[in-house]
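Novice: The structure file coords_36.txt (compact mmCIF, C-alpha atoms) is provided below.
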```
# COMPACT_ATOMS: atom_id res chain seq x y z
CA MET C 1 0.49 32.79 -20.16
CA SER C 2 -1.89 32.58 -17.22
CA SER C 3 0.15 32.28 -14.03
CA LEU C 4 -1.05 29.84 -11.37
CA SER C 5 1.30 30.33 -8.47
CA SER C 6 4.74 31.38 -7.42
CA THR C 7 7.40 28.94 -6.34
CA PRO C 8 7.03 28.29 -2.60
CA THR C 9 9.79 29.65 -0.40
CA PRO C 10 10.53 27.09 2.32
CA PRO C 11 10.75 28.38 5.89
CA PRO C 12 14.13 28.48 7.61
CA ALA C 13 15.70 25.22 8.66
CA ARG C 14 16.08 24.50 12.35
CA GLY C 15 18.74 26.69 13.89
CA ASP C 16 18.38 29.57 11.41
CA ASP C 17 15.86 31.48 13.54
CA PRO C 18 16.43 32.04 17.26
CA ARG C 19 12.68 32.46 17.88
CA GLY C 20 12.12 28.70 17.53
CA ALA C 21 11.97 28.03 21.26
CA GLU C 22 9.29 30.73 21.72
CA ARG C 23 6.88 29.54 19.07
CA SER C 24 3.36 28.37 19.76
CA ASP C 25 2.04 24.85 19.26
CA ILE C 26 -1.00 23.99 17.18
CA GLY C 27 -2.91 20.77 17.67
CA ILE C 28 -3.33 18.38 14.75
CA GLY C 29 -6.47 16.27 14.50
CA MET C 30 -6.12 13.72 11.72
CA ILE C 31 -9.04 11.69 10.37
CA GLY C 32 -8.03 8.45 8.63
CA TYR C 33 -5.56 5.73 9.56
CA GLY C 34 -4.60 3.96 6.33
CA PHE C 35 -1.73 4.48 3.93
CA MET C 36 -2.23 8.26 3.80
CA GLY C 37 -2.71 8.46 7.54
CA ALA C 38 0.75 7.00 8.06
CA ALA C 39 2.29 9.29 5.42
CA HIS C 40 0.72 12.40 6.95
CA SER C 41 1.71 11.34 10.48
CA GLN C 42 5.32 11.04 9.36
CA GLY C 43 5.05 14.41 7.63
CA TRP C 44 3.85 16.22 10.74
CA ARG C 45 6.48 14.55 12.88
CA ASN C 46 9.34 15.42 10.52
CA ALA C 47 8.08 18.97 10.05
CA ARG C 48 8.85 19.60 13.70
CA SER C 49 12.00 17.48 13.86
CA PHE C 50 13.86 18.89 10.86
CA PHE C 51 12.38 22.35 10.28
CA ASP C 52 11.58 25.26 12.53
CA PRO C 53 8.10 26.30 11.39
CA PRO C 54 6.51 29.38 12.97
CA LEU C 55 3.86 27.07 14.45
CA ARG C 56 4.92 23.75 15.95
CA PRO C 57 2.61 20.82 15.15
CA ARG C 58 1.44 18.80 18.13
CA PHE C 59 -0.48 15.52 17.79
CA ALA C 60 -3.86 16.01 19.49
CA ALA C 61 -6.19 13.26 18.25
CA LEU C 62 -6.53 10.61 15.56
CA GLY C 63 -9.96 9.85 14.13
CA GLY C 64 -11.18 6.55 12.72
CA ARG C 65 -14.39 4.48 12.84
CA ASN C 66 -12.44 1.30 13.61
CA ARG C 67 -10.95 1.92 17.04
CA GLU C 68 -8.63 -1.09 16.87
CA ALA C 69 -7.17 -0.19 13.48
CA ALA C 70 -6.88 3.49 14.36
CA GLY C 71 -5.29 2.53 17.66
CA GLN C 72 -2.56 0.61 15.87
CA LEU C 73 -1.56 3.71 13.90
CA ALA C 74 -1.87 5.84 17.04
CA ASP C 75 0.56 3.53 18.85
CA ARG C 76 3.06 3.66 15.98
CA PHE C 77 3.12 7.47 15.79
CA ASP C 78 2.25 8.42 19.38
CA TRP C 79 -1.15 9.95 18.73
CA PRO C 80 -2.42 10.43 22.32
CA VAL C 81 -6.16 10.01 21.68
CA VAL C 82 -8.36 8.05 19.27
CA GLU C 83 -11.80 9.44 18.40
CA THR C 84 -14.24 7.15 16.59
CA ASP C 85 -16.55 10.03 15.64
CA TRP C 86 -14.99 12.68 13.40
CA ARG C 87 -17.43 15.25 14.72
CA ALA C 88 -16.05 14.76 18.21
CA LEU C 89 -12.52 15.25 16.87
CA ILE C 90 -13.46 18.53 15.18
CA ALA C 91 -15.13 19.75 18.37
CA ARG C 92 -12.01 19.26 20.49
CA ASP C 93 -10.53 22.50 21.86
CA ASP C 94 -6.99 21.17 21.41
CA VAL C 95 -7.41 20.67 17.62
CA GLY C 96 -6.44 23.64 15.46
CA ILE C 97 -5.84 21.84 12.14
CA VAL C 98 -8.05 19.06 10.79
CA ASP C 99 -6.12 16.75 8.45
CA ILE C 100 -8.47 14.69 6.24
CA CYS C 101 -7.02 11.39 5.00
CA THR C 102 -10.29 9.55 4.32
CA PRO C 103 -11.85 8.25 1.07
CA GLY C 104 -13.17 10.93 -1.27
CA ASP C 105 -16.85 10.40 -0.49
CA THR C 106 -16.33 11.87 3.00
CA HIS C 107 -14.15 14.88 2.13
CA ALA C 108 -16.91 17.44 1.59
CA GLU C 109 -18.89 16.77 4.75
CA ILE C 110 -15.83 16.68 7.01
CA ALA C 111 -14.01 19.65 5.46
CA ILE C 112 -17.04 21.93 5.45
CA ALA C 113 -17.86 21.07 9.07
CA ALA C 114 -14.27 21.69 10.14
CA LEU C 115 -14.08 25.07 8.36
CA GLU C 116 -17.41 26.15 9.86
CA ALA C 117 -16.06 25.18 13.28
CA GLY C 118 -13.11 27.53 12.77
CA LYS C 119 -10.48 24.85 12.16
CA HIS C 120 -7.79 25.07 9.50
CA VAL C 121 -8.01 22.17 7.05
CA LEU C 122 -5.59 20.02 5.07
CA CYS C 123 -7.48 17.66 2.74
CA GLU C 124 -6.07 14.83 0.67
CA LYS C 125 -6.63 14.89 -3.07
CA PRO C 126 -8.73 14.70 -5.11
CA LEU C 127 -10.77 17.40 -3.43
CA ALA C 128 -14.08 15.53 -3.76
CA ASN C 129 -15.96 12.91 -5.74
CA SER C 130 -17.96 15.37 -7.82
CA VAL C 131 -17.86 18.92 -9.12
CA ALA C 132 -20.86 19.82 -6.96
CA GLU C 133 -19.09 18.67 -3.78
CA ALA C 134 -15.91 20.46 -4.82
CA GLU C 135 -17.85 23.67 -5.45
CA ALA C 136 -19.37 23.49 -1.97
CA MET C 137 -15.94 22.91 -0.42
CA ALA C 138 -14.36 25.80 -2.33
CA ALA C 139 -17.19 28.10 -1.28
CA ALA C 140 -16.82 27.07 2.37
CA ALA C 141 -13.06 27.64 2.15
CA GLU C 142 -13.56 31.14 0.75
CA THR C 143 -16.04 32.01 3.50
CA ALA C 144 -13.64 30.68 6.15
CA ARG C 145 -10.73 32.58 4.57
CA ALA C 146 -12.52 35.84 5.34
CA ARG C 147 -12.35 34.82 9.01
CA GLY C 148 -8.64 33.96 8.84
CA ILE C 149 -9.20 30.19 8.53
CA ARG C 150 -6.85 28.54 6.02
CA SER C 151 -7.32 25.45 3.87
CA MET C 152 -4.99 23.51 1.61
CA LEU C 153 -5.30 20.53 -0.72
CA GLY C 154 -2.79 17.68 -0.48
CA PHE C 155 -1.27 17.52 -3.95
CA THR C 156 1.95 16.53 -2.22
CA TYR C 157 4.11 16.00 -5.29
CA ARG C 158 4.39 19.76 -5.67
CA ARG C 159 6.70 19.51 -2.66
CA VAL C 160 9.15 17.03 -4.23
CA PRO C 161 12.23 19.29 -4.47
CA ALA C 162 12.98 18.36 -8.10
CA LEU C 163 9.46 19.35 -9.18
CA THR C 164 9.58 22.55 -7.14
CA LEU C 165 12.88 23.32 -8.88
CA ALA C 166 11.26 22.56 -12.25
CA ARG C 167 8.55 25.11 -11.49
CA ARG C 168 11.23 27.68 -10.63
CA LEU C 169 13.11 27.10 -13.89
CA VAL C 170 9.93 27.48 -15.96
CA ALA C 171 8.98 30.66 -14.08
CA GLU C 172 12.45 32.05 -14.77
CA GLY C 173 11.96 31.47 -18.50
CA ARG C 174 14.69 28.84 -18.75
CA ILE C 175 12.76 26.67 -21.22
CA GLY C 176 11.20 29.59 -23.09
CA GLU C 177 7.72 29.42 -24.58
CA LEU C 178 6.06 26.10 -23.79
CA ARG C 179 5.21 23.85 -26.75
CA HIS C 180 4.55 20.35 -25.40
CA VAL C 181 3.78 18.61 -22.11
CA ARG C 182 3.71 14.84 -21.55
CA ALA C 183 2.45 13.57 -18.22
CA ARG C 184 2.02 9.92 -17.28
CA TYR C 185 1.26 8.21 -14.00
CA LEU C 186 1.86 4.48 -14.36
CA GLN C 187 1.24 1.78 -11.73
CA ASP C 188 0.66 -1.96 -11.99
CA TRP C 189 -0.99 -3.01 -8.73
CA LEU C 190 -4.21 -4.05 -10.51
CA GLY C 191 -2.52 -5.94 -13.32
CA ASP C 192 -3.42 -9.25 -11.69
CA PRO C 193 -7.15 -9.87 -12.35
CA THR C 194 -7.40 -11.82 -9.09
CA ALA C 195 -6.24 -8.87 -6.97
CA PRO C 196 -8.95 -8.24 -4.35
CA TYR C 197 -11.64 -5.61 -4.55
CA THR C 198 -11.05 -2.41 -2.54
CA TRP C 199 -12.96 0.83 -1.96
CA ARG C 200 -10.85 2.44 -4.70
CA MET C 201 -12.83 0.37 -7.24
CA SER C 202 -16.21 1.80 -6.21
CA ARG C 203 -17.46 4.97 -7.90
CA GLU C 204 -19.57 5.70 -4.82
CA ARG C 205 -16.49 5.72 -2.55
CA ALA C 206 -13.70 6.87 -4.87
CA GLY C 207 -15.46 8.99 -7.48
CA SER C 208 -13.35 7.62 -10.30
CA GLY C 209 -10.53 5.13 -10.73
CA ALA C 210 -7.07 5.75 -12.14
CA LEU C 211 -8.28 9.09 -13.49
CA GLY C 212 -9.04 10.64 -10.10
CA ASP C 213 -6.64 8.61 -7.99
CA ILE C 214 -3.41 9.17 -9.89
CA GLY C 215 -4.41 11.10 -13.02
CA ALA C 216 -5.30 14.03 -10.77
CA HIS C 217 -1.65 14.20 -9.70
CA ALA C 218 -0.49 14.30 -13.33
CA VAL C 219 -2.91 17.14 -14.03
CA ASP C 220 -1.89 19.13 -10.96
CA ILE C 221 1.86 18.92 -11.50
CA THR C 222 1.40 19.81 -15.16
CA GLN C 223 -0.53 22.98 -14.34
CA TYR C 224 1.79 23.76 -11.40
CA VAL C 225 5.09 23.35 -13.24
CA ALA C 226 3.84 24.91 -16.49
CA GLY C 227 2.15 27.79 -14.68
CA GLU C 228 -0.87 27.51 -16.99
CA TRP C 229 -4.37 26.09 -16.87
CA ILE C 230 -5.57 23.35 -19.19
CA THR C 231 -8.47 24.73 -21.23
CA GLY C 232 -9.86 21.65 -23.00
CA VAL C 233 -9.50 17.87 -23.24
CA SER C 234 -10.30 14.85 -25.37
CA GLY C 235 -10.23 11.53 -23.50
CA LEU C 236 -10.87 7.82 -23.39
CA THR C 237 -11.24 5.54 -20.37
CA GLU C 238 -11.47 1.78 -19.96
CA THR C 239 -12.28 -0.77 -17.26
CA PHE C 240 -10.39 -3.97 -18.07
CA VAL C 241 -11.58 -6.17 -15.20
CA ARG C 242 -15.16 -5.48 -14.17
CA GLU C 243 -15.50 -7.90 -11.25
CA ARG C 244 -12.99 -8.76 -8.53
CA PRO C 245 -12.97 -11.11 -5.53
CA LEU C 246 -13.76 -9.61 -2.15
CA ALA C 247 -10.88 -9.70 0.30
CA ASP C 248 -12.80 -11.79 2.83
CA GLY C 249 -13.61 -14.48 0.27
CA SER C 250 -17.37 -13.91 0.51
CA GLY C 251 -17.92 -13.26 -3.19
CA THR C 252 -17.08 -10.63 -5.76
CA GLY C 253 -17.45 -6.88 -6.12
CA GLN C 254 -18.37 -4.91 -9.23
CA VAL C 255 -15.69 -2.50 -10.45
CA THR C 256 -17.52 0.72 -11.27
CA VAL C 257 -14.55 3.00 -11.99
CA ASP C 258 -12.02 3.27 -14.79
CA ASP C 259 -8.83 1.22 -14.75
CA ALA C 260 -7.05 3.50 -17.21
CA ALA C 261 -7.50 6.90 -18.84
CA VAL C 262 -5.73 8.62 -21.72
CA PHE C 263 -6.46 12.16 -22.85
CA THR C 264 -5.00 15.09 -24.72
CA GLY C 265 -5.31 18.71 -23.74
CA ARG C 266 -4.44 22.27 -24.63
CA LEU C 267 -2.93 24.73 -22.17
CA ALA C 268 -3.97 28.38 -21.98
CA GLY C 269 -0.77 29.50 -23.70
CA GLY C 270 -1.37 27.19 -26.66
CA ALA C 271 0.89 24.25 -25.76
CA LEU C 272 -0.33 20.73 -26.43
CA ALA C 273 -0.42 18.12 -23.66
CA SER C 274 -0.93 14.37 -23.43
CA PHE C 275 -1.82 12.40 -20.32
CA GLU C 276 -1.99 8.77 -19.30
CA ALA C 277 -3.11 7.27 -16.00
CA THR C 278 -3.26 3.53 -15.46
CA ARG C 279 -2.96 0.90 -12.76
CA TYR C 280 -2.21 -1.78 -15.39
CA ALA C 281 1.28 -0.74 -16.60
CA THR C 282 3.04 -4.00 -15.83
CA GLY C 283 6.41 -3.35 -14.22
CA ARG C 284 5.75 0.29 -13.36
CA LYS C 285 5.29 0.70 -9.63
CA ASN C 286 4.91 4.45 -9.13
CA ALA C 287 6.13 6.11 -12.31
CA LEU C 288 4.85 9.68 -12.33
CA ARG C 289 6.62 11.13 -15.35
CA LEU C 290 6.58 14.68 -16.64
CA GLU C 291 8.34 16.27 -19.61
CA LEU C 292 8.03 19.84 -20.84
CA ASN C 293 9.47 21.07 -24.15
CA GLY C 294 9.90 24.78 -24.82
CA THR C 295 11.59 27.07 -27.31
CA ARG C 296 14.73 27.43 -25.16
CA GLY C 297 14.93 24.06 -23.43
CA SER C 298 13.24 21.04 -21.87
CA LEU C 299 12.67 19.48 -18.45
CA ALA C 300 12.02 15.83 -17.55
CA PHE C 301 11.19 14.15 -14.22
CA ASP C 302 10.32 10.63 -13.03
CA LEU C 303 9.06 9.98 -9.49
CA GLU C 304 10.81 6.60 -9.49
CA ASP C 305 14.06 8.65 -9.58
CA LEU C 306 12.76 11.51 -7.50
CA ASN C 307 16.04 13.18 -6.55
CA VAL C 308 16.87 13.90 -10.21
CA LEU C 309 15.68 16.54 -12.67
CA HIS C 310 16.82 16.43 -16.30
CA PHE C 311 17.32 19.82 -17.96
CA HIS C 312 18.22 20.58 -21.57
CA ASP C 313 19.44 24.10 -22.36
CA ALA C 314 18.93 24.68 -26.08
CA THR C 315 20.74 28.01 -25.85
CA ALA C 316 24.06 26.38 -24.98
CA ALA C 317 26.74 25.85 -27.60
CA THR C 318 25.70 23.11 -30.01
CA ALA C 319 28.73 20.98 -29.18
CA THR C 320 27.70 20.81 -25.49
CA GLN C 321 23.94 20.55 -25.81
CA GLY C 322 22.14 17.61 -24.22
CA PHE C 323 20.13 16.77 -21.13
CA THR C 324 21.95 17.55 -17.89
CA ARG C 325 21.22 15.27 -14.95
CA ILE C 326 20.71 17.54 -11.93
CA LEU C 327 21.00 15.77 -8.57
CA VAL C 328 18.56 17.82 -6.49
CA THR C 329 20.23 17.48 -3.11
CA GLU C 330 22.10 20.78 -2.72
CA ALA C 331 21.29 23.17 0.12
CA GLU C 332 20.21 25.86 -2.37
CA HIS C 333 17.60 23.53 -3.86
CA PRO C 334 14.02 23.83 -2.51
CA TYR C 335 13.60 22.50 1.05
CA LEU C 336 17.01 20.77 1.07
CA ASP C 337 18.79 22.96 3.61
CA ALA C 338 16.82 21.27 6.39
CA TRP C 339 17.87 17.73 5.51
CA TRP C 340 21.13 15.92 4.73
CA PRO C 341 24.49 16.79 3.15
CA PRO C 342 24.62 16.98 -0.67
CA GLY C 343 24.23 13.64 -2.40
CA HIS C 344 22.14 12.12 0.39
CA GLY C 345 18.80 11.62 -1.33
CA LEU C 346 15.29 12.13 0.00
CA GLY C 347 12.36 9.73 -0.33
CA TYR C 348 8.62 9.65 -0.86
CA GLU C 349 7.77 10.64 2.71
CA HIS C 350 9.77 13.87 2.77
CA ALA C 351 7.31 15.79 0.60
CA PHE C 352 4.69 15.32 3.32
CA ALA C 353 6.93 17.18 5.77
CA HIS C 354 7.34 20.01 3.24
CA GLN C 355 3.57 20.13 2.81
CA SER C 356 3.05 20.36 6.57
CA VAL C 357 5.64 23.11 6.97
CA ASP C 358 4.16 25.16 4.14
CA LEU C 359 0.70 24.99 5.72
CA LEU C 360 2.00 25.87 9.18
CA THR C 361 3.89 28.84 7.73
CA ALA C 362 0.83 30.12 5.85
CA ILE C 363 -1.35 29.89 8.96
CA ALA C 364 1.21 31.75 11.06
CA GLU C 365 1.78 34.45 8.44
CA GLY C 366 -1.87 34.83 7.46
CA THR C 367 -1.20 34.00 3.82
CA ASP C 368 -3.06 31.68 1.47
CA PRO C 369 -1.49 28.21 1.18
CA GLU C 370 -1.32 26.45 -2.18
CA PRO C 371 -2.85 24.47 -3.70
CA SER C 372 -6.15 25.90 -2.53
CA PHE C 373 -9.57 24.30 -2.57
CA ALA C 374 -10.27 26.53 -5.58
CA ASP C 375 -7.31 24.88 -7.34
CA GLY C 376 -8.77 21.50 -6.42
CA LEU C 377 -12.13 22.52 -7.87
CA ARG C 378 -10.43 23.35 -11.18
CA VAL C 379 -8.81 19.93 -11.26
CA GLN C 380 -12.19 18.36 -10.44
CA ARG C 381 -13.77 20.18 -13.34
CA LEU C 382 -11.03 18.92 -15.65
CA LEU C 383 -11.53 15.32 -14.49
CA ALA C 384 -15.25 15.70 -15.11
CA ALA C 385 -14.51 17.03 -18.59
CA VAL C 386 -12.36 13.96 -19.34
CA GLU C 387 -15.19 11.65 -18.26
CA GLU C 388 -17.69 13.65 -20.32
CA SER C 389 -15.40 13.42 -23.33
CA ALA C 390 -14.82 9.69 -22.88
CA ALA C 391 -18.57 9.07 -22.66
CA ALA C 392 -18.88 10.74 -26.07
CA ASN C 393 -16.03 8.74 -27.67
CA GLY C 394 -13.40 11.42 -27.14
CA VAL C 395 -15.23 14.55 -28.28
CA TRP C 396 -13.33 17.76 -27.50
CA THR C 397 -14.62 19.17 -24.21
CA ALA C 398 -13.86 22.58 -22.76
CA VAL C 399 -12.68 22.93 -19.16
CA PRO C 400 -14.24 25.90 -17.33
CA LEU C 401 -11.52 28.39 -16.40
CA PRO C 402 -11.45 30.48 -13.21
```
Show the structure stored in the file as structure tokens.
Specialist:
Amino acid sequence: MSSLSSTPTPPPARGDDPRGAERSDIGIGMIGYGFMGAAHSQGWRNARSFFDPPLRPRFAALGGRNREAAGQLADRFDWPVVETDWRALIARDDVGIVDICTPGDTHAEIAIAALEAGKHVLCEKPLANSVAEAEAMAAAAETARARGIRSMLGFTYRRVPALTLARRLVAEGRIGELRHVRARYLQDWLGDPTAPYTWRMSRERAGSGALGDIGAHAVDITQYVAGEWITGVSGLTETFVRERPLADGSGTGQVTVDDAAVFTGRLAGGALASFEATRYATGRKNALRLELNGTRGSLAFDLEDLNVLHFHDATAATATQGFTRILVTEAEHPYLDAWWPPGHGLGYEHAFAHQSVDLLTAIAEGTDPEPSFADGLRVQRLLAAVEESAAANGVWTAVPLP
């Protein structure tokens, strides 16, 4: 088995460390003001409110080309300054971390510039729109690392406590030798053919469709929880609706990305895996589902029930075998000691706080946060392999390993 990472150890909850009042602030400069901008803003705010990270995040500036739209988000989350030029934001002396929440076609230019300017970087997934861009970003991150500058990729679902717990159980050998993985990310927001065209439907802006947007999450949590790389794939993709109305009513836009992708894969340890990513699964709103089957047990998770992990212990007495429903809200579960009493569930936004705290802790301790840009490059190479396979009617395609 090729190990990817250890289970993250969350920093102490507020009140556990008397040094909290003496800790330094670090300025956050966030670029992007849409859905992810709001999620990241909430994450930074809650990281300081509920945890006691060794660096305290302080909102410095919000970046966005549309001053009015960016200003609306700034007002909601108390960002003190709006910059309409991302270069000006990076150049600010009060910005120590650059948080990139923009479409994928801008990630490489912004991230590389920020790292070269000596700023730590958090970048939303997928890392880039192409392998070449991802390679340049990973190289820049490695160069910056030698100067003590840290970078992290925003595969936030790693920080859902139930999935972090799943990783821990696999690492402890609780499910034995891995045999099968099934990962699906199912949404339905494009099921209506009259739904308006957005930037996510443009290959130039988004890189790919369901494959890169949500399939990348399924790939990352598979490799993270399993602790193994995927070594090869065979895939198919499809675009069901190739033209959609523009939101302003001025005409139509050509859909140049996939609407759905299905592919099989093999992990380094020999286990077989199957993946599905679609935005046409009628009735499924945000169903990221993962199941692992091993020689000693199984694990199952569904993001639409994100406080629960199902665990089957095949070593238990036959009369008592079966999936156990674990409510992941106890203080000993990952990240939970900072939140609410047992039984009081968390939501989608809480993983963004965990992500922020993990990055702040790594910067303060001089350690390498995960997932790294190198991890993102490996995912990018896998996505490219799926597209290459699909273009050749599903031919088996190797994924370059680190």
Novice: Using all atoms listed in the file, pick whichever of C:Ala316, C:Ile31, C:Leu55, C:Ala47 has the shortest atom-to-atom distance to C:His354.
Specialist: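 Once distances to C:His354 are computed over all atoms listed in the file, the minimum belongs to C:Ala47.
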Novice: Please write out, as lines of an AutoDock Vina configuration file, where the centre of an axis-aligned box around all listed atoms of stretch 201-210 of chain C lies and how long its edges are, in Å to one decimal, after adding 5 Å on each side.
Specialist:
```
center_x = -13.3
center_y = 4.7
center_z = -7.3
size_x = 22.5
size_y = 18.6
size_z = 19.6
```
Novice: Point out the residue among C:Ala60, C:Val399, C:Leu267, C:Leu346 with the least atom-to-atom distance to C:Ala74, counting all atoms listed in the file.
Specialist: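 Of C:Ala60, C:Val399, C:Leu267, C:Leu346, the one nearest C:Ala74, counting all atoms listed in the file, is C:Ala60.
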Novice: As an exercise, work out the distance from atom CA of C:Thr329 to atom CA of C:Gly227 in Å and give it to one decimal place.
Specialist: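 Atom CA of C:Gly227 lies at a distance of 23.8 Å from atom CA of C:Thr329.
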Novice: Given the choices C:Phe155, C:Phe77, C:Trp86, C:Phe311, which gets closest to C:Ile175 if the distance is worked out from only C-alpha atoms?
Specialist: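 The closest residue to C:Ile175 is C:Phe311.
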Novice: List every protein, DNA or RNA residue that has at least one atom no more than 12 Å from (11.6, 24.6, -6.4) in the file's coordinates, counting only C-alpha atoms, and write the result as a ChimeraX atom specification.
Specialist: /C:5-10,157-172,224-225,309,328-336,354
Novice: Which residues, written as a PyMOL selection string, have at least one atom at most 8 Å from stretch 190-205 of chain C, with all atoms listed in the file counted and residues fewer than 4 positions away on the same chain left out?
Specialist: chain C and resi 103-105+129+209+241+244-247+252-257+279-282
Novice: Could you list, as a PyMOL selection string, every residue within 9 Å of stretch 284-294 of chain C, counting all atoms listed in the file and ignoring same-chain residues fewer than 2 positions away?
Specialist: chain C and resi 174-189+214+217-218+221-222+225-226+279-282+296-305
Novice: Quick one: pull the distance between atom CA of C:Met36 and atom CA of C:Ile110, Å, one decimal.
Specialist: 16.3 Å
Novice: Using Å and a single decimal, report how far atom CA of C:Asp94 sits from atom CA of C:Asn66.
Specialist: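 Interatomic distance, atom CA of C:Asn66 to atom CA of C:Asp94: 22.0 Å.
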Novice: For C:Ala390, which residue out of C:Gly235, C:Gly283, C:Gly212, C:Gly71 is the nearest one, using only C-alpha atoms?
Specialist: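 For C:Ala390, the nearest of the candidates is C:Gly235.
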Novice: Return the single residue from C:Gly173, C:His350, C:Glu109, C:Ala132 that is closest to C:Asp313, with distances computed using all atoms listed in the file.
Specialist: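 Checking each candidate against C:Asp313, we get C:Gly173 as the closest.
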Novice: Quick one: residues within 8 Å of C:Ile112, all atoms listed in the file, excluding same-chain residues fewer than 4 positions away - as a list in words?
Specialist: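 Everything that qualifies: Ala108, Glu116, Ala136, Met137, Ala140 and Ala141 of chain C.
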Novice: Between C:Pro371, C:Gly215, C:Gly343, C:Gly376, which one has atoms that come closest to C:Thr156, using all atoms listed in the file?
Specialist: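 Under the stated criterion, the closest residue is C:Pro371.
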Novice: Which residues come within 10 Å of C:Arg65, counting only C-alpha atoms, excluding same-chain residues fewer than 3 positions away, as a PDB file with C-alpha atoms, in the frame of the given file?
Specialist:
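Final file, selection-v9.pdb:
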```
ATOM      1  CA  ILE C  31      -9.040  11.690  10.370  1.00  0.00           C
ATOM      2  CA  GLY C  32      -8.030   8.450   8.630  1.00  0.00           C
ATOM      3  CA  TYR C  33      -5.560   5.730   9.560  1.00  0.00           C
ATOM      4  CA  GLU C  68      -8.630  -1.090  16.870  1.00  0.00           C
ATOM      5  CA  ALA C  69      -7.170  -0.190  13.480  1.00  0.00           C
ATOM      6  CA  ALA C  70      -6.880   3.490  14.360  1.00  0.00           C
ATOM      7  CA  VAL C  82      -8.360   8.050  19.270  1.00  0.00           C
ATOM      8  CA  GLU C  83     -11.800   9.440  18.400  1.00  0.00           C
ATOM      9  CA  THR C  84     -14.240   7.150  16.590  1.00  0.00           C
ATOM     10  CA  ASP C  85     -16.550  10.030  15.640  1.00  0.00           C
ATOM     11  CA  TRP C  86     -14.990  12.680  13.400  1.00  0.00           C
TER      12      TRP C  86
END
```
Novice: Please produce stretch 111-115 of chain C, completed to all heavy atoms, as a compact mmCIF listing (two decimals), in the frame of the given file.
Specialist:
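This went into rebuild.txt:
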```txt
# COMPACT_ATOMS: atom_id res chain seq x y z
N ALA C 111 -14.72 18.38 5.67
CA ALA C 111 -14.01 19.65 5.46
C ALA C 111 -14.91 20.84 5.73
O ALA C 111 -14.50 21.82 6.40
CB ALA C 111 -13.46 19.71 4.05
N ILE C 112 -16.13 20.81 5.24
CA ILE C 112 -17.04 21.93 5.45
C ILE C 112 -17.35 22.10 6.93
O ILE C 112 -17.36 23.22 7.47
CB ILE C 112 -18.32 21.74 4.61
CG1 ILE C 112 -17.98 21.87 3.11
CG2 ILE C 112 -19.38 22.76 5.00
CD1 ILE C 112 -19.12 21.48 2.19
N ALA C 113 -17.58 20.99 7.63
CA ALA C 113 -17.86 21.07 9.07
C ALA C 113 -16.66 21.64 9.83
O ALA C 113 -16.82 22.44 10.75
CB ALA C 113 -18.23 19.69 9.60
N ALA C 114 -15.46 21.21 9.45
CA ALA C 114 -14.27 21.69 10.14
C ALA C 114 -14.07 23.19 9.90
O ALA C 114 -13.77 23.95 10.83
CB ALA C 114 -13.05 20.91 9.66
N LEU C 115 -14.24 23.64 8.67
CA LEU C 115 -14.08 25.07 8.36
C LEU C 115 -15.13 25.90 9.10
O LEU C 115 -14.81 26.97 9.63
CB LEU C 115 -14.19 25.28 6.86
CG LEU C 115 -13.04 24.73 6.01
CD1 LEU C 115 -13.39 24.74 4.54
CD2 LEU C 115 -11.76 25.53 6.26
```
